[in-house]
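File shown: target_18.pdb. Contents: PDB, C-alpha atoms.
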```pdb
ATOM      1  CA  MET A   1      12.375  -4.081  -2.367
ATOM      2  CA  ASN A   2      15.414  -1.820  -1.944
ATOM      3  CA  LYS A   3      16.122  -2.267  -5.650
ATOM      4  CA  LEU A   4      12.566  -1.140  -6.447
ATOM      5  CA  LYS A   5      12.996   1.979  -4.299
ATOM      6  CA  THR A   6      16.316   2.857  -5.967
ATOM      7  CA  THR A   7      14.877   2.388  -9.463
ATOM      8  CA  LEU A   8      11.818   4.489  -8.632
ATOM      9  CA  PHE A   9      13.825   7.435  -7.293
ATOM     10  CA  ALA A  10      16.342   7.255 -10.154
ATOM     11  CA  ALA A  11      13.568   7.325 -12.767
ATOM     12  CA  CYS A  12      11.895  10.311 -11.108
ATOM     13  CA  SER A  13      15.133  12.292 -10.891
ATOM     14  CA  LEU A  14      16.230  11.556 -14.458
ATOM     15  CA  VAL A  15      12.924  12.535 -16.050
ATOM     16  CA  LEU A  16      12.475  15.708 -14.032
ATOM     17  CA  VAL A  17      16.023  16.902 -14.660
ATOM     18  CA  THR A  18      15.888  16.083 -18.378
ATOM     19  CA  ILE A  19      12.633  17.781 -19.301
ATOM     20  CA  GLY A  20      11.969  20.160 -16.445
ATOM     21  CA  THR A  21      13.498  23.151 -18.219
ATOM     22  CA  SER A  22      12.013  22.584 -21.664
ATOM     23  CA  VAL A  23       8.330  21.943 -21.050
ATOM     24  CA  LYS A  24       5.950  24.235 -22.933
ATOM     25  CA  ALA A  25       2.403  23.261 -21.988
ATOM     26  CA  ASP A  26      -0.730  24.526 -20.273
ATOM     27  CA  SER A  27      -1.294  23.183 -16.750
ATOM     28  CA  SER A  28      -4.898  24.431 -16.757
ATOM     29  CA  ASN A  29      -5.838  21.382 -18.850
ATOM     30  CA  PHE A  30      -5.178  19.252 -15.758
ATOM     31  CA  ALA A  31      -6.308  21.634 -13.012
ATOM     32  CA  GLY A  32      -9.399  21.263 -10.874
ATOM     33  CA  PRO A  33     -11.305  18.513  -9.055
ATOM     34  CA  TYR A  34     -11.527  14.976 -10.374
ATOM     35  CA  ILE A  35     -12.972  11.568  -9.593
ATOM     36  CA  GLY A  36     -11.842   8.178 -10.865
ATOM     37  CA  LEU A  37     -12.304   4.428 -10.651
ATOM     38  CA  THR A  38      -9.179   2.335 -10.078
ATOM     39  CA  ALA A  39      -8.066  -1.236 -10.645
ATOM     40  CA  SER A  40      -4.865  -2.380  -8.938
ATOM     41  CA  GLY A  41      -2.682  -5.438  -8.740
ATOM     42  CA  TYR A  42      -0.930  -5.807  -5.364
ATOM     43  CA  GLY A  43       2.123  -7.931  -4.699
ATOM     44  CA  ILE A  44       2.474  -8.449  -0.942
ATOM     45  CA  GLN A  45       5.742  -9.504   0.645
ATOM     46  CA  ALA A  46       5.761 -10.306   4.357
ATOM     47  CA  SER A  47       7.996 -12.081   6.807
ATOM     48  CA  SER A  48       5.722 -13.869   9.274
ATOM     49  CA  THR A  49       7.217 -14.976  12.582
ATOM     50  CA  SER A  50       5.802 -16.885  15.526
ATOM     51  CA  SER A  51       7.516 -17.520  18.833
ATOM     52  CA  SER A  52       6.325 -19.584  21.773
ATOM     53  CA  GLY A  53       7.606 -20.068  25.297
ATOM     54  CA  VAL A  54       7.018 -23.398  27.007
ATOM     55  CA  VAL A  55       7.291 -23.186  30.753
ATOM     56  CA  SER A  56       7.626 -26.080  33.201
ATOM     57  CA  GLU A  57       8.654 -26.228  36.814
ATOM     58  CA  ASP A  58      12.304 -26.618  35.883
ATOM     59  CA  THR A  59      12.853 -25.088  32.453
ATOM     60  CA  THR A  60      11.783 -22.352  30.083
ATOM     61  CA  SER A  61      12.258 -22.859  26.342
ATOM     62  CA  THR A  62      11.392 -20.779  23.293
ATOM     63  CA  THR A  63      10.742 -21.879  19.722
ATOM     64  CA  ILE A  64      10.728 -19.490  16.764
ATOM     65  CA  ASP A  65       9.097 -20.162  13.394
ATOM     66  CA  LYS A  66       9.773 -17.711  10.540
ATOM     67  CA  ILE A  67       8.062 -17.847   7.141
ATOM     68  CA  ASP A  68       8.688 -15.583   4.129
ATOM     69  CA  ILE A  69       5.436 -14.982   2.276
ATOM     70  CA  GLY A  70       4.615 -13.684  -1.190
ATOM     71  CA  LYS A  71       1.000 -12.997  -2.175
ATOM     72  CA  VAL A  72      -0.785 -11.392  -5.127
ATOM     73  CA  ALA A  73      -4.166  -9.685  -4.827
ATOM     74  CA  ALA A  74      -6.395  -7.673  -7.204
ATOM     75  CA  VAL A  75      -8.468  -4.792  -5.801
ATOM     76  CA  VAL A  76     -10.754  -2.083  -7.147
ATOM     77  CA  GLY A  77     -11.417   1.347  -5.710
ATOM     78  CA  ILE A  78     -12.201   5.014  -6.096
ATOM     79  CA  GLU A  79     -10.103   8.187  -6.025
ATOM     80  CA  LEU A  80     -10.954  11.820  -5.398
ATOM     81  CA  GLY A  81      -8.600  14.756  -5.757
ATOM     82  CA  TYR A  82      -7.827  18.297  -6.754
ATOM     83  CA  ALA A  83      -4.965  19.470  -8.992
ATOM     84  CA  LEU A  84      -3.755  22.983  -8.204
ATOM     85  CA  PRO A  85      -1.721  24.699 -10.978
ATOM     86  CA  LEU A  86       1.548  26.403 -10.011
ATOM     87  CA  GLY A  87       2.646  28.005 -13.254
ATOM     88  CA  SER A  88       2.174  26.840 -16.815
ATOM     89  CA  ALA A  89       3.943  23.468 -16.459
ATOM     90  CA  PHE A  90       3.590  22.420 -12.844
ATOM     91  CA  LEU A  91       0.773  21.328 -10.510
ATOM     92  CA  ILE A  92       0.311  20.032  -6.998
ATOM     93  CA  ASP A  93      -2.173  17.151  -6.949
ATOM     94  CA  ILE A  94      -3.802  16.431  -3.579
ATOM     95  CA  GLY A  95      -6.208  13.539  -3.127
ATOM     96  CA  GLY A  96      -7.162  10.238  -1.631
ATOM     97  CA  THR A  97      -7.887   6.678  -2.732
ATOM     98  CA  TYR A  98      -9.941   3.865  -1.247
ATOM     99  CA  HIS A  99      -9.393   0.279  -2.344
ATOM    100  CA  SER A 100     -11.813  -2.479  -1.410
ATOM    101  CA  GLY A 101     -10.273  -5.941  -1.406
ATOM    102  CA  GLU A 102      -8.635  -8.439   0.883
ATOM    103  CA  ALA A 103      -5.200 -10.016   1.025
ATOM    104  CA  LYS A 104      -4.513 -12.927   3.358
ATOM    105  CA  ILE A 105      -1.241 -13.882   5.050
ATOM    106  CA  ASP A 106      -1.315 -17.473   6.307
ATOM    107  CA  HIS A 107       0.955 -18.747   9.042
ATOM    108  CA  ASN A 108       0.917 -22.516   9.504
ATOM    109  CA  GLY A 109       2.414 -23.733  12.738
ATOM    110  CA  GLY A 110       3.372 -27.132  11.341
ATOM    111  CA  ASP A 111       1.656 -30.305  12.527
ATOM    112  CA  ASN A 112      -0.293 -28.469  15.236
ATOM    113  CA  GLU A 113      -3.489 -27.338  13.520
ATOM    114  CA  THR A 114      -4.404 -25.067  16.426
ATOM    115  CA  ALA A 115      -1.302 -22.996  15.664
ATOM    116  CA  ALA A 116      -2.418 -22.340  12.074
ATOM    117  CA  VAL A 117      -3.496 -18.671  11.970
ATOM    118  CA  SER A 118      -3.812 -15.974   9.336
ATOM    119  CA  PHE A 119      -3.822 -12.188   9.065
ATOM    120  CA  THR A 120      -6.027 -10.314   6.607
ATOM    121  CA  ILE A 121      -5.437  -6.827   5.170
ATOM    122  CA  ASP A 122      -8.340  -4.948   3.589
ATOM    123  CA  ASP A 123      -9.977  -1.536   3.052
ATOM    124  CA  LEU A 124      -6.797   0.266   2.020
ATOM    125  CA  VAL A 125      -6.941   4.070   2.245
ATOM    126  CA  THR A 126      -4.230   6.498   1.049
ATOM    127  CA  PHE A 127      -4.063  10.290   1.310
ATOM    128  CA  TYR A 128      -1.442  11.703  -1.043
ATOM    129  CA  ILE A 129       0.297  14.695  -2.523
ATOM    130  CA  ALA A 130       1.726  14.434  -6.037
ATOM    131  CA  PRO A 131       3.959  17.105  -7.607
ATOM    132  CA  THR A 132       3.082  16.956 -11.310
ATOM    133  CA  LEU A 133       5.016  18.031 -14.394
ATOM    134  CA  VAL A 134       3.031  18.809 -17.561
ATOM    135  CA  LEU A 135       4.592  17.163 -20.622
ATOM    136  CA  SER A 136       2.069  18.309 -23.229
ATOM    137  CA  ASP A 137      -1.488  19.595 -23.483
ATOM    138  CA  THR A 138      -2.774  16.093 -22.749
ATOM    139  CA  SER A 139      -0.115  14.248 -20.734
ATOM    140  CA  SER A 140       1.680  14.720 -17.424
ATOM    141  CA  LEU A 141       4.121  12.918 -15.148
ATOM    142  CA  TYR A 142       3.974  12.876 -11.354
ATOM    143  CA  VAL A 143       5.723  11.589  -8.256
ATOM    144  CA  LYS A 144       3.452  10.681  -5.354
ATOM    145  CA  VAL A 145       3.989  10.367  -1.603
ATOM    146  CA  GLY A 146       1.152   9.377   0.685
ATOM    147  CA  LEU A 147       0.069   8.161   4.091
ATOM    148  CA  SER A 148      -1.680   4.789   3.922
ATOM    149  CA  GLU A 149      -3.844   2.836   6.333
ATOM    150  CA  ALA A 150      -5.523  -0.561   6.197
ATOM    151  CA  ASP A 151      -7.797  -2.649   8.382
ATOM    152  CA  THR A 152      -6.484  -5.919   9.787
ATOM    153  CA  GLY A 153      -8.234  -9.078  10.870
ATOM    154  CA  VAL A 154      -7.285 -12.549  12.036
ATOM    155  CA  THR A 155      -8.505 -16.114  11.943
ATOM    156  CA  GLY A 156      -7.435 -18.478  14.676
ATOM    157  CA  ASP A 157      -7.210 -18.257  18.423
ATOM    158  CA  ILE A 158      -5.236 -14.985  18.538
ATOM    159  CA  THR A 159      -5.824 -11.321  19.314
ATOM    160  CA  THR A 160      -6.696  -8.818  16.586
ATOM    161  CA  PRO A 161      -3.781  -6.467  15.748
ATOM    162  CA  ALA A 162      -4.019  -2.704  15.471
ATOM    163  CA  ARG A 163      -4.825  -0.951  12.189
ATOM    164  CA  LEU A 164      -1.926  -0.824   9.742
ATOM    165  CA  SER A 165      -0.276   2.451   8.719
ATOM    166  CA  GLY A 166       2.585   3.183   6.356
ATOM    167  CA  THR A 167       4.119   5.394   3.664
ATOM    168  CA  THR A 168       3.400   5.101  -0.059
ATOM    169  CA  TRP A 169       5.745   6.175  -2.863
ATOM    170  CA  ALA A 170       4.781   6.045  -6.538
ATOM    171  CA  ILE A 171       5.460   7.399 -10.014
ATOM    172  CA  GLY A 172       2.839   7.684 -12.711
ATOM    173  CA  THR A 173       1.395   9.377 -15.789
ATOM    174  CA  ARG A 174      -1.942  11.057 -16.334
ATOM    175  CA  THR A 175      -3.498  11.672 -19.743
ATOM    176  CA  VAL A 176      -6.455  14.074 -19.949
ATOM    177  CA  LEU A 177      -8.675  14.384 -23.020
ATOM    178  CA  ASN A 178     -10.481  17.561 -24.067
ATOM    179  CA  SER A 179     -13.725  16.065 -22.752
ATOM    180  CA  GLY A 180     -12.260  15.881 -19.233
ATOM    181  CA  ILE A 181     -11.913  12.102 -19.248
ATOM    182  CA  PHE A 182      -8.511  10.980 -17.989
ATOM    183  CA  ILE A 183      -6.457   7.811 -17.768
ATOM    184  CA  ARG A 184      -3.861   7.377 -15.033
ATOM    185  CA  THR A 185      -1.181   4.672 -14.826
ATOM    186  CA  GLU A 186       0.910   4.269 -11.706
ATOM    187  CA  ALA A 187       3.486   2.003 -10.064
ATOM    188  CA  GLY A 188       4.774   2.166  -6.502
ATOM    189  CA  TYR A 189       5.053   0.535  -3.115
ATOM    190  CA  THR A 190       3.873   0.913   0.492
ATOM    191  CA  ASP A 191       5.888   0.084   3.599
ATOM    192  CA  TYR A 192       3.540  -0.752   6.483
ATOM    193  CA  ASN A 193       4.263  -0.950  10.174
ATOM    194  CA  GLY A 194       4.398  -4.413  11.718
ATOM    195  CA  ILE A 195       1.424  -6.630  12.615
ATOM    196  CA  SER A 196       1.598  -8.297  16.004
ATOM    197  CA  ALA A 197      -0.738 -10.604  17.922
ATOM    198  CA  HIS A 198      -0.634 -13.350  20.535
ATOM    199  CA  GLY A 199      -2.684 -16.356  21.593
ATOM    200  CA  THR A 200      -5.745 -15.902  23.768
ATOM    201  CA  ASN A 201      -5.649 -19.131  25.795
ATOM    202  CA  ALA A 202      -4.064 -19.238  29.229
ATOM    203  CA  ALA A 203      -0.610 -20.778  29.487
ATOM    204  CA  ASN A 204      -2.004 -23.744  31.430
ATOM    205  CA  ALA A 205      -4.732 -24.526  28.882
ATOM    206  CA  ALA A 206      -5.083 -28.141  27.841
ATOM    207  CA  ALA A 207      -3.002 -29.257  24.867
ATOM    208  CA  GLY A 208      -4.878 -28.783  21.590
ATOM    209  CA  ALA A 209      -7.341 -26.314  23.115
ATOM    210  CA  GLY A 210      -6.020 -23.350  21.155
ATOM    211  CA  VAL A 211      -3.081 -20.967  20.869
ATOM    212  CA  GLN A 212      -1.525 -20.172  24.225
ATOM    213  CA  ALA A 213      -0.967 -16.591  25.366
ATOM    214  CA  THR A 214       2.787 -17.270  25.425
ATOM    215  CA  THR A 215       2.752 -17.658  21.615
ATOM    216  CA  ALA A 216       3.276 -14.395  19.719
ATOM    217  CA  TYR A 217       2.844 -13.755  15.984
ATOM    218  CA  SER A 218       4.183 -10.887  13.871
ATOM    219  CA  ALA A 219       4.421  -9.870  10.230
ATOM    220  CA  GLU A 220       5.913  -6.872   8.415
ATOM    221  CA  PRO A 221       4.072  -6.440   5.084
ATOM    222  CA  THR A 222       5.337  -4.419   2.126
ATOM    223  CA  ILE A 223       3.091  -3.934  -0.899
ATOM    224  CA  ALA A 224       4.249  -3.247  -4.469
ATOM    225  CA  PHE A 225       1.442  -2.243  -6.815
ATOM    226  CA  GLY A 226       0.435  -1.223 -10.294
ATOM    227  CA  THR A 227      -2.743   0.814 -10.840
ATOM    228  CA  ILE A 228      -4.859   1.953 -13.769
ATOM    229  CA  SER A 229      -7.476   4.671 -13.224
ATOM    230  CA  LEU A 230     -10.243   5.925 -15.451
ATOM    231  CA  GLY A 231     -11.925   9.135 -14.379
ATOM    232  CA  PHE A 232     -13.255  12.589 -15.122
ATOM    233  CA  ARG A 233     -11.818  16.058 -14.468
ATOM    234  CA  PHE A 234     -14.480  18.668 -13.769
TER     235      PHE A 234
END
```
Let's see the structure in the file written out as structure tokens.
Amino acid sequence: MNKLKTTLFAACSLVLVTIGTSVKADSSNFAGPYIGLTASGYGIQASSTSSSGVVSEDTTSTTIDKIDIGKVAAVVGIELGYALPLGSAFLIDIGGTYHSGEAKIDHNGGDNETAAVSFTIDDLVTFYIAPTLVLSDTSSLYVKVGLSEADTGVTGDITTPARLSGTTWAIGTRTVLNSGIFIRTEAGYTDYNGISAHGTNAANAAAGAGVQATTAYSAEPTIAFGTISLGFRF
């Protein structure tokens, strides 16, 4: 993921420095409100960890189970925004996206089926700002930074974690036709805060009755994505 971040920033810097002083285009072709439909492919990387403490009269022991997870999910959504021109070749694009879809992170506790739990991530929302450079009368390049949130859920005998939040970085292009129809392509990633939960059964619950409260689960998801949008500029 660090390599992806480095490549993304290097690409943004190179393009902006190379063409920033030579652009001759009209930013008004891109200005104004817009709405679009999006289709995205998400690659989710998460390190899922569980730890449990077993307490007896004489001893206390802890076991830790760590699993590296890679998942792929496809989601669709909607975007709304407004592009504000700042000169003939530059705009500030402010907007938001909502993606409806679910990604699941499974954590299997081994032979103990009661320890098999999973986290779900869905209803992804991002509010963003995207400095945009106009390349021609129909095409533009932008760098995006946004604040992202997502709902979480669980299956298994564990507590439900808090809502996810994180930061999104992306680079993309936007092509606008004379009719106002536009096509946007984008690639980026989101770093989310950690998910944490623990079992709901009391520590003295009978064996096999569920996940004990002394067992804690956590995951730190990062999402890399590619998105295509089709929309209309008013």
Find the residues around region 122-135 of chain A up to 9 Å (only C-alpha atoms counted), leave out those fewer than 2 positions away in its own chain, and share them as a short mmCIF file (atom, residue, chain, number, x, y, z; two decimals) with C-alpha atoms, keeping the file's coordinate frame.
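Everything below was put into out37.cif:
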```
data_model
loop_
_atom_site.label_atom_id
_atom_site.label_comp_id
_atom_site.auth_asym_id
_atom_site.auth_seq_id
_atom_site.Cartn_x
_atom_site.Cartn_y
_atom_site.Cartn_z
CA LEU A 16 12.48 15.71 -14.03
CA ILE A 19 12.63 17.78 -19.30
CA GLY A 20 11.97 20.16 -16.44
CA VAL A 23 8.33 21.94 -21.05
CA LYS A 24 5.95 24.24 -22.93
CA ALA A 25 2.40 23.26 -21.99
CA ASP A 26 -0.73 24.53 -20.27
CA SER A 27 -1.29 23.18 -16.75
CA PHE A 30 -5.18 19.25 -15.76
CA ALA A 83 -4.96 19.47 -8.99
CA SER A 88 2.17 26.84 -16.82
CA ALA A 89 3.94 23.47 -16.46
CA PHE A 90 3.59 22.42 -12.84
CA LEU A 91 0.77 21.33 -10.51
CA ILE A 92 0.31 20.03 -7.00
CA ASP A 93 -2.17 17.15 -6.95
CA ILE A 94 -3.80 16.43 -3.58
CA GLY A 95 -6.21 13.54 -3.13
CA GLY A 96 -7.16 10.24 -1.63
CA THR A 97 -7.89 6.68 -2.73
CA TYR A 98 -9.94 3.86 -1.25
CA HIS A 99 -9.39 0.28 -2.34
CA SER A 100 -11.81 -2.48 -1.41
CA GLY A 101 -10.27 -5.94 -1.41
CA GLU A 102 -8.64 -8.44 0.88
CA ALA A 103 -5.20 -10.02 1.02
CA LYS A 104 -4.51 -12.93 3.36
CA THR A 120 -6.03 -10.31 6.61
CA ASP A 137 -1.49 19.60 -23.48
CA THR A 138 -2.77 16.09 -22.75
CA SER A 139 -0.12 14.25 -20.73
CA SER A 140 1.68 14.72 -17.42
CA LEU A 141 4.12 12.92 -15.15
CA TYR A 142 3.97 12.88 -11.35
CA VAL A 143 5.72 11.59 -8.26
CA LYS A 144 3.45 10.68 -5.35
CA VAL A 145 3.99 10.37 -1.60
CA GLY A 146 1.15 9.38 0.68
CA LEU A 147 0.07 8.16 4.09
CA SER A 148 -1.68 4.79 3.92
CA GLU A 149 -3.84 2.84 6.33
CA ALA A 150 -5.52 -0.56 6.20
CA ASP A 151 -7.80 -2.65 8.38
CA THR A 152 -6.48 -5.92 9.79
CA GLY A 153 -8.23 -9.08 10.87
CA THR A 167 4.12 5.39 3.66
CA THR A 168 3.40 5.10 -0.06
CA ALA A 170 4.78 6.04 -6.54
CA ILE A 171 5.46 7.40 -10.01
CA THR A 173 1.40 9.38 -15.79
#
```
Q. Within 9 Å of region 180-187 of chain A, counting all atoms listed in the file, which residues qualify if same-chain residues fewer than 3 places away don't, as a PyMOL selection string?
A. chain A and resi 8+29-30+34+36+38+169-177+224-234
Give me the box for region 119-132 of chain A as lines of an AutoDock Vina configuration file, namely the centre and edge lengths in Å to one decimal of a box along x, y and z that holds every listed atom plus 3 Å on each side.
```
center_x = -3.0
center_y = 2.5
center_z = -1.1
size_x = 19.9
size_y = 35.3
size_z = 26.4
```
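Here CA of Leu84 (chain A) is placed at a distance of 14.7 Å from CA of Ile35 (chain A).
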List the residues matched by the PyMOL selection byres ((chain A and resi 158) around 6) in the displayed structure as a PDB file with C-alpha atoms, in the coordinates of the input, ordered by chain and then by residue number.
```
ATOM      1  CA  GLY A 156      -7.435 -18.478  14.676  1.00  0.00           C
ATOM      2  CA  ASP A 157      -7.210 -18.257  18.423  1.00  0.00           C
ATOM      3  CA  THR A 159      -5.824 -11.321  19.314  1.00  0.00           C
ATOM      4  CA  HIS A 198      -0.634 -13.350  20.535  1.00  0.00           C
ATOM      5  CA  GLY A 199      -2.684 -16.356  21.593  1.00  0.00           C
ATOM      6  CA  THR A 200      -5.745 -15.902  23.768  1.00  0.00           C
TER       7      THR A 200
END
```
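Atom to atom, CA of Val154 (chain A) and CA of Leu37 (chain A) stand 28.8 Å apart.
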Q) CA of Asn201 (chain A) to CA of Leu164 (chain A): how many Å, to one decimal? A) 24.6 Å
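Closest to Ala197 (chain A) among A:Ser136, A:Asn178, A:Thr222, A:Thr155 is A:Thr155, based on all atoms listed in the file.
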